[in-house]
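So the structure is just underneath, and the comments pick up after that.
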Amino acid sequence: MRKILVSECLYGGRIVRYDAGDVTEKDPRFLKWKEEGRLIPICPEVFGGLSTPRPDSQRIGDTVQTGAGVDVTKEYTLGAEEALRLAKENDVAFAIMKQDSPSCGSKFIYDGTFTDTKKEGQGLAVEYLRNAGFKVFAEEDLDEAEKFLAEIEA
Ligand code: SF4
């Protein structure tokens with residue numbers, strides 16, 4: 001049975017989001033994979049040493065910064081490295097990561113202007129995963145993830 005790396009805020013249990021919100025994924029397929037013990041949760045930002053709640057941060061060029069201009073690239077990088085380490089250690093089939101996050105976003109991220117504007121892009125942890133060859137889905141793309149898993153395990 002292949003494992004799946006997931007954003008910890010989707011996995012649920014511990015509150016890890018920057019705004020301390022609860023975005024636990026309730027889709028029956030996700031819950032089934034959780035029950036089967038397939039899911040490996042990681043919150044890159046908390047692993048990197050950041051607290052919950054924490055200031056909203058966005059990718060700006062090669063850095064990640066808070067709205068007040070504090071450079072948190074080091075913490076985000078530590079978390080991205082850990083996500084990749086876990087993916088490799090567990091030989092995951094793919095990852096399901098929370099959309100729009102500067103760590104976990106896989107299609108869109110905020111544009112670095114802190115004006116609530118998104119652009120096409122990916123979070124730092126997703127960038128690490130994809131650069132190493134791992135496929136990454138957003139939580140809204142479970143149809144595709146389910147199909148991909150079925151193909152792998154056929
Ligand atoms: Fe969720 Fe990822 Fe943000 Fe952690 S870094 S709260 S796992 S989106």
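Residue numbers start at 1 in each chain; chains themselves are named A, B, ... in the order of the structure tokens; ligands are numbered from 1 in the order shown.
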Please find the residues contacting ligand 1 at a distance of at most 7 Å between atoms, with only C-alpha atoms and all ligand atoms counted, and report them as a count of residues only. 18
As JSON, numbers by chain, please: every residue in chain A that DSSP puts in alpha helix (DSSP H). {"A": [8, 9, 10, 11, 28, 29, 30, 31, 32, 33, 34, 35, 44, 45, 46, 47, 73, 74, 75, 76, 77, 78, 79, 80, 81, 82, 83, 84, 85, 86, 87, 88, 89, 124, 125, 126, 127, 128, 129, 130, 131, 142, 143, 144, 145, 146, 147, 148, 149, 150, 151, 152, 153]}
Write out as a CSV table (one decimal) with N, CA and C atoms, in the first residue's frame the residues lying within 7 Å of Phe114 (chain A), counting only C-alpha atoms and excluding same-chain residues fewer than 2 positions away.
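selection_36.csv, written as the output of this step:
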chain,number,residue,atom,x,y,z
A,67,GLY,N,4.3,40.2,6.1
A,67,GLY,CA,3.9,41.5,5.7
A,67,GLY,C,4.7,42.6,6.3
A,112,GLY,N,2.9,38.3,-3.3
A,112,GLY,CA,4.0,39.0,-2.6
A,112,GLY,C,3.7,40.4,-2.3
A,116,ASP,N,-4.0,40.6,-1.2
A,116,ASP,CA,-5.0,39.5,-1.4
A,116,ASP,C,-5.1,39.2,-2.9
May I have the residues within 12 Å of Glu153 (chain A) as a PyMOL selection string, using only C-alpha atoms and disregarding those fewer than 6 positions away in the same chain? chain A and resi 1-3+93+146-147
Counting only C-alpha atoms, the option among A:Leu84, A:Thr113, A:Glu139, A:Tyr76 closest to Phe30 (chain A):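 Closest to Phe30 (chain A), using only C-alpha atoms: A:Glu139.
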Which of these, A:Ala68, A:Ile15, A:Leu86, A:Leu39, has the shortest distance to Ser51 (chain A) once you count only C-alpha atoms? A:Ile15
Ranking A:Ala132, A:Val23, A:Ala145, A:Leu50 by minimum distance to Asp91 (chain A) and counting only C-alpha atoms, which one comes first?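 Smallest distance to Asp91 (chain A) is found for A:Ala132.
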For region 119-129 of chain A: contacts at 10 Å, only C-alpha atoms, fewer than 5 positions along chain excluded, given as a PyMOL selection string: chain A and resi 43-45+58-59+62-64+73+76-85+87-88+94-112+134-137
